[in-house]
>>> print(open('query_0.pdb').read())   # PDB, C-alpha atoms, pLDDT in the B column
MODEL        1
ATOM      1  CA  MET A   1     -68.521 -86.699 -24.686  1.00 58.00           C
ATOM      2  CA  LYS A   2     -71.443 -84.978 -26.324  1.00 85.00           C
ATOM      3  CA  ALA A   3     -73.471 -83.669 -23.360  1.00 93.00           C
ATOM      4  CA  LYS A   4     -72.296 -81.030 -20.922  1.00 96.00           C
ATOM      5  CA  MET A   5     -74.012 -79.104 -18.142  1.00 97.00           C
ATOM      6  CA  ILE A   6     -72.570 -75.775 -17.026  1.00 98.00           C
ATOM      7  CA  VAL A   7     -73.494 -74.861 -13.443  1.00 98.00           C
ATOM      8  CA  LEU A   8     -73.119 -71.174 -12.594  1.00 98.00           C
ATOM      9  CA  PHE A   9     -73.095 -70.677  -8.826  1.00 98.00           C
ATOM     10  CA  ALA A  10     -71.732 -68.592  -5.960  1.00 98.00           C
ATOM     11  CA  HIS A  11     -70.665 -69.845  -2.534  1.00 96.00           C
ATOM     12  CA  TRP A  12     -72.577 -67.030  -0.785  1.00 97.00           C
ATOM     13  CA  CYS A  13     -75.838 -68.081  -2.479  1.00 97.00           C
ATOM     14  CA  PRO A  14     -78.108 -70.204  -0.216  1.00 97.00           C
ATOM     15  CA  LYS A  15     -80.057 -71.579  -3.195  1.00 97.00           C
ATOM     16  CA  CYS A  16     -76.818 -72.595  -4.898  1.00 97.00           C
ATOM     17  CA  ASN A  17     -75.650 -74.383  -1.768  1.00 97.00           C
ATOM     18  CA  MET A  18     -78.965 -76.215  -1.547  1.00 97.00           C
ATOM     19  CA  MET A  19     -78.758 -77.282  -5.210  1.00 98.00           C
ATOM     20  CA  MET A  20     -75.166 -78.556  -5.139  1.00 97.00           C
ATOM     21  CA  PRO A  21     -76.023 -81.964  -3.622  1.00 98.00           C
ATOM     22  CA  ILE A  22     -78.441 -82.485  -6.526  1.00 97.00           C
ATOM     23  CA  VAL A  23     -75.707 -81.460  -8.969  1.00 97.00           C
ATOM     24  CA  ASP A  24     -73.408 -84.026  -7.330  1.00 98.00           C
ATOM     25  CA  GLU A  25     -76.105 -86.705  -7.672  1.00 97.00           C
ATOM     26  CA  VAL A  26     -76.716 -85.827 -11.328  1.00 96.00           C
ATOM     27  CA  GLU A  27     -73.002 -86.047 -12.037  1.00 96.00           C
ATOM     28  CA  ALA A  28     -72.772 -89.473 -10.377  1.00 96.00           C
ATOM     29  CA  TYR A  29     -75.959 -90.760 -12.031  1.00 94.00           C
ATOM     30  CA  TYR A  30     -75.066 -89.810 -15.607  1.00 93.00           C
ATOM     31  CA  GLY A  31     -71.372 -90.604 -15.226  1.00 92.00           C
ATOM     32  CA  GLU A  32     -69.480 -90.261 -18.486  1.00 90.00           C
ATOM     33  CA  LYS A  33     -72.678 -89.448 -20.424  1.00 91.00           C
ATOM     34  CA  LEU A  34     -72.823 -85.922 -18.988  1.00 94.00           C
ATOM     35  CA  GLN A  35     -69.876 -83.684 -18.172  1.00 96.00           C
ATOM     36  CA  VAL A  36     -70.719 -81.324 -15.317  1.00 97.00           C
ATOM     37  CA  VAL A  37     -68.715 -78.080 -15.184  1.00 98.00           C
ATOM     38  CA  ARG A  38     -69.117 -75.937 -12.071  1.00 98.00           C
ATOM     39  CA  ILE A  39     -68.259 -72.251 -12.453  1.00 98.00           C
ATOM     40  CA  ASP A  40     -67.983 -70.044  -9.369  1.00 98.00           C
ATOM     41  CA  VAL A  41     -69.103 -66.660 -10.673  1.00 98.00           C
ATOM     42  CA  GLU A  42     -67.297 -64.837  -7.882  1.00 97.00           C
ATOM     43  CA  LYS A  43     -63.996 -66.180  -9.180  1.00 97.00           C
ATOM     44  CA  GLU A  44     -65.049 -65.792 -12.819  1.00 97.00           C
ATOM     45  CA  PRO A  45     -67.534 -62.875 -12.893  1.00 89.00           C
ATOM     46  CA  GLY A  46     -67.462 -62.558 -16.677  1.00 96.00           C
ATOM     47  CA  LYS A  47     -69.131 -65.953 -17.036  1.00 97.00           C
ATOM     48  CA  MET A  48     -72.567 -64.587 -16.083  1.00 97.00           C
ATOM     49  CA  GLU A  49     -72.443 -62.244 -19.050  1.00 97.00           C
ATOM     50  CA  GLU A  50     -70.790 -64.799 -21.328  1.00 97.00           C
ATOM     51  CA  TYR A  51     -73.615 -67.280 -20.727  1.00 97.00           C
ATOM     52  CA  GLU A  52     -76.285 -64.545 -20.554  1.00 97.00           C
ATOM     53  CA  ALA A  53     -77.362 -65.690 -17.091  1.00 97.00           C
ATOM     54  CA  GLU A  54     -79.314 -63.405 -14.807  1.00 96.00           C
ATOM     55  CA  ILE A  55     -79.360 -65.377 -11.555  1.00 97.00           C
ATOM     56  CA  VAL A  56     -77.486 -68.071  -9.716  1.00 98.00           C
ATOM     57  CA  PRO A  57     -77.799 -70.934  -9.758  1.00 98.00           C
ATOM     58  CA  THR A  58     -78.182 -71.361 -13.509  1.00 98.00           C
ATOM     59  CA  PHE A  59     -77.820 -74.717 -15.241  1.00 98.00           C
ATOM     60  CA  ILE A  60     -77.126 -74.732 -18.985  1.00 97.00           C
ATOM     61  CA  LEU A  61     -77.222 -77.976 -20.940  1.00 96.00           C
ATOM     62  CA  PHE A  62     -75.207 -78.394 -24.127  1.00 95.00           C
ATOM     63  CA  TRP A  63     -75.296 -81.128 -26.735  1.00 92.00           C
ATOM     64  CA  GLU A  64     -72.336 -81.216 -29.098  1.00 89.00           C
ATOM     65  CA  GLU A  65     -71.382 -77.652 -28.030  1.00 88.00           C
ATOM     66  CA  HIS A  66     -74.867 -76.239 -28.784  1.00 92.00           C
ATOM     67  CA  GLU A  67     -77.112 -75.029 -25.987  1.00 94.00           C
ATOM     68  CA  VAL A  68     -80.238 -77.174 -25.779  1.00 93.00           C
ATOM     69  CA  GLY A  69     -81.798 -75.763 -22.639  1.00 93.00           C
ATOM     70  CA  ARG A  70     -81.365 -74.057 -19.305  1.00 96.00           C
ATOM     71  CA  MET A  71     -82.794 -74.036 -15.818  1.00 96.00           C
ATOM     72  CA  ALA A  72     -82.369 -71.493 -13.046  1.00 97.00           C
ATOM     73  CA  GLY A  73     -83.102 -71.088  -9.377  1.00 96.00           C
ATOM     74  CA  MET A  74     -84.339 -73.680  -6.899  1.00 96.00           C
ATOM     75  CA  LEU A  75     -85.535 -76.875  -8.532  1.00 96.00           C
ATOM     76  CA  GLY A  76     -86.618 -80.178  -7.093  1.00 94.00           C
ATOM     77  CA  GLU A  77     -84.524 -83.261  -7.779  1.00 94.00           C
ATOM     78  CA  LYS A  78     -87.235 -84.904  -9.920  1.00 95.00           C
ATOM     79  CA  THR A  79     -87.620 -81.722 -11.964  1.00 95.00           C
ATOM     80  CA  VAL A  80     -83.882 -81.526 -12.636  1.00 95.00           C
ATOM     81  CA  TYR A  81     -83.718 -85.131 -13.848  1.00 95.00           C
ATOM     82  CA  ALA A  82     -86.883 -84.767 -15.938  1.00 95.00           C
ATOM     83  CA  ARG A  83     -85.613 -81.624 -17.664  1.00 93.00           C
ATOM     84  CA  ILE A  84     -82.163 -83.077 -18.354  1.00 93.00           C
ATOM     85  CA  ASN A  85     -83.702 -86.269 -19.747  1.00 92.00           C
ATOM     86  CA  SER A  86     -86.132 -84.286 -21.880  1.00 90.00           C
ATOM     87  CA  MET A  87     -83.426 -82.031 -23.282  1.00 85.00           C
ATOM     88  CA  LEU A  88     -81.091 -84.932 -24.060  1.00 80.00           C
ATOM     89  CA  LEU A  89     -83.844 -87.088 -25.571  1.00 72.00           C
ATOM     90  CA  ASN A  90     -84.944 -84.230 -27.808  1.00 73.00           C
ATOM     91  CA  GLU A  91     -81.402 -83.846 -29.111  1.00 65.00           C
ATOM     92  CA  ASN A  92     -80.884 -87.590 -29.566  1.00 65.00           C
ATOM     93  CA  ALA A  93     -84.109 -87.775 -31.576  1.00 50.00           C
ATOM     94  CA  LYS A  94     -82.817 -85.293 -34.167  1.00 54.00           C
TER
ENDMDL
END
>>> encode(input="query_0.pdb", output="structure tokens")
Amino acid sequence: MKAKMIVLFAHWCPKCNMMMPIVDEVEAYYGEKLQVVRIDVEKEPGKMEEYEAEIVPTFILFWEEHEVGRMAGMLGEKTVYARINSMLLNENAK
């Protein structure tokens, strides 16, 4: 697997809770092409600093272990898919 999306979230965060159904859909849609890793920052507080994230939710896309882009906050479903596709296409074109 070459593509991975890290999702930094917290259960107390309303925006995170609203985004999780989209994360579930993305995971189902891309299947084995995209590994989705959910990280609860309350259980792993050091991850915010490790990934240099300022807010939750934050979505970080990796291609072959290199960060290729990130998104944060509330995003519409179409925006999420468009950004993931754009980031992956840019990396596949290299």
>>> atom_distance(input="query_0.pdb", atom1="CA of Val36 in chain A", atom2="CA of Met5 in chain A")
4.9 Å
>>> closest_atom_pairs(input="query_0.pdb", of="range 2-60 of chain A", to="range 69-93 of chain A", cutoff="6 Å", atoms="only C-alpha atoms", output="tab-separated table")
residue	atom	partner	partner_atom	distance
A:Pro57	CA	A:Gly73	CA	5.3
A:Thr58	CA	A:Ala72	CA	4.2
A:Phe59	CA	A:Met71	CA	5.1
A:Ile60	CA	A:Arg70	CA	4.3
>>> closest_residue(input="query_0.pdb", among="A:Arg38, A:Lys43, A:Met48, A:Val56", to="Cys16 in chain A", atoms="all atoms listed in the file")
A:Val56
>>> resolve_selection(input="query_0.pdb", expression="the PyMOL selection byres ((chain A and resi 51) around 12)", output="list in words")
Ile6, Val7, Leu8, Ile39, Val41, Glu44, Pro45, Gly46, Lys47, Met48, Glu49, Glu50, Glu52, Ala53, Glu54, Ile55, Val56, Thr58, Phe59, Ile60, Leu61, Phe62, Glu67, Gly69 and Arg70 of chain A
>>> atom_distance(input="query_0.pdb", atom1="CA of Glu32 in chain A", atom2="CA of Met19 in chain A")
20.8 Å
>>> atom_distance(input="query_0.pdb", atom1="CA of Glu65 in chain A", atom2="CA of Lys4 in chain A")
7.9 Å
>>> axis_aligned_box(input="query_0.pdb", around="range 45-53 of chain A", padding_each_side="5 Å", output="AutoDock Vina command-line options")
--center_x -72.4 --center_y -64.8 --center_z -17.1 --size_x 19.9 --size_y 15.0 --size_z 18.4
>>> closest_residue(input="query_0.pdb", among="A:Glu64, A:Tyr30, A:Gln35, A:Asp40", to="Phe9 in chain A", atoms="all atoms listed in the file")
A:Asp40
>>> closest_residue(input="query_0.pdb", among="A:Val68, A:Ala3, A:His11, A:Trp63", to="Gly31 in chain A", atoms="all atoms listed in the file")
A:Ala3
>>> decode(input="query_0.pdb", residues="chain A", atoms="C-alpha atoms", output="CSV table (one decimal), in the first residue's frame")
chain,number,residue,atom,x,y,z
A,1,MET,CA,0.0,0.0,0.0
A,2,LYS,CA,1.4,3.3,-1.1
A,3,ALA,CA,-1.2,5.8,0.1
A,4,LYS,CA,-2.2,6.5,3.7
A,5,MET,CA,-4.4,9.1,5.3
A,6,ILE,CA,-3.9,9.9,9.0
A,7,VAL,CA,-7.0,11.3,10.7
A,8,LEU,CA,-6.3,13.2,13.9
A,9,PHE,CA,-9.5,13.6,15.9
A,10,ALA,CA,-11.1,13.8,19.4
A,11,HIS,CA,-14.4,12.4,20.5
A,12,TRP,CA,-15.4,15.6,22.2
A,13,CYS,CA,-15.0,17.6,19.0
A,14,PRO,CA,-18.3,18.2,17.2
A,15,LYS,CA,-16.6,18.9,13.9
A,16,CYS,CA,-14.6,15.6,14.2
A,17,ASN,CA,-17.9,13.7,14.9
A,18,MET,CA,-19.5,15.3,11.8
A,19,MET,CA,-16.5,14.4,9.6
A,20,MET,CA,-16.2,10.8,10.7
A,21,PRO,CA,-19.0,9.5,8.4
A,22,ILE,CA,-17.1,11.1,5.4
A,23,VAL,CA,-13.9,9.4,6.6
A,24,ASP,CA,-15.8,6.1,6.7
A,25,GLU,CA,-17.1,6.6,3.2
A,26,VAL,CA,-13.6,7.5,1.9
A,27,GLU,CA,-12.2,4.4,3.5
A,28,ALA,CA,-14.9,2.2,1.8
A,29,TYR,CA,-14.6,4.0,-1.5
A,30,TYR,CA,-10.8,3.7,-1.9
A,31,GLY,CA,-10.6,0.3,-0.3
A,32,GLU,CA,-7.1,-1.1,-0.4
A,33,LYS,CA,-5.8,1.9,-2.4
A,34,LEU,CA,-5.9,4.1,0.7
A,35,GLN,CA,-5.1,3.1,4.2
A,36,VAL,CA,-7.0,5.2,6.7
A,37,VAL,CA,-5.5,5.5,10.2
A,38,ARG,CA,-7.6,7.2,12.9
A,39,ILE,CA,-5.7,8.7,15.8
A,40,ASP,CA,-7.6,9.9,18.9
A,41,VAL,CA,-5.5,12.7,20.2
A,42,GLU,CA,-6.9,12.4,23.6
A,43,LYS,CA,-5.5,8.9,23.9
A,44,GLU,CA,-2.3,9.9,22.1
A,45,PRO,CA,-1.8,13.6,22.8
A,46,GLY,CA,1.8,13.6,21.4
A,47,LYS,CA,0.5,13.0,17.9
A,48,MET,CA,-0.7,16.6,17.4
A,49,GLU,CA,2.9,17.8,17.9
A,50,GLU,CA,4.4,14.8,16.0
A,51,TYR,CA,2.3,15.7,12.9
A,52,GLU,CA,2.5,19.5,13.5
A,53,ALA,CA,-1.3,19.8,13.6
A,54,GLU,CA,-2.9,22.8,15.2
A,55,ILE,CA,-6.6,21.7,15.1
A,56,VAL,CA,-8.8,18.7,15.0
A,57,PRO,CA,-9.9,17.2,12.7
A,58,THR,CA,-6.7,17.2,10.6
A,59,PHE,CA,-6.3,14.9,7.6
A,60,ILE,CA,-2.8,14.2,6.4
A,61,LEU,CA,-2.2,12.3,3.2
A,62,PHE,CA,1.0,10.3,2.6
A,63,TRP,CA,2.3,8.7,-0.5
A,64,GLU,CA,5.1,6.2,0.0
A,65,GLU,CA,5.6,7.5,3.5
A,66,HIS,CA,6.0,11.2,2.3
A,67,GLU,CA,3.4,13.8,3.2
A,68,VAL,CA,1.7,15.0,0.0
A,69,GLY,CA,-0.9,17.2,1.6
A,70,ARG,CA,-3.2,18.0,4.4
A,71,MET,CA,-6.7,19.3,5.2
A,72,ALA,CA,-8.2,20.5,8.4
A,73,GLY,CA,-11.5,21.4,9.9
A,74,MET,CA,-15.0,21.0,8.4
A,75,LEU,CA,-14.9,20.0,4.8
A,76,GLY,CA,-17.7,19.0,2.4
A,77,GLU,CA,-17.7,15.5,1.0
A,78,LYS,CA,-17.0,16.6,-2.5
A,79,THR,CA,-14.1,18.7,-1.3
A,80,VAL,CA,-12.5,15.8,0.6
A,81,TYR,CA,-12.7,13.5,-2.5
A,82,ALA,CA,-11.4,16.2,-4.8
A,83,ARG,CA,-8.4,17.0,-2.6
A,84,ILE,CA,-7.5,13.3,-2.1
A,85,ASN,CA,-7.8,12.7,-5.8
A,86,SER,CA,-5.7,15.7,-6.6
A,87,MET,CA,-3.0,14.8,-4.1
A,88,LEU,CA,-2.8,11.2,-5.3
A,89,LEU,CA,-2.9,12.1,-9.0
A,90,ASN,CA,-0.1,14.6,-8.5
A,91,GLU,CA,2.1,11.9,-6.8
A,92,ASN,CA,1.2,9.3,-9.5
A,93,ALA,CA,2.2,11.7,-12.2
A,94,LYS,CA,5.8,12.1,-10.8
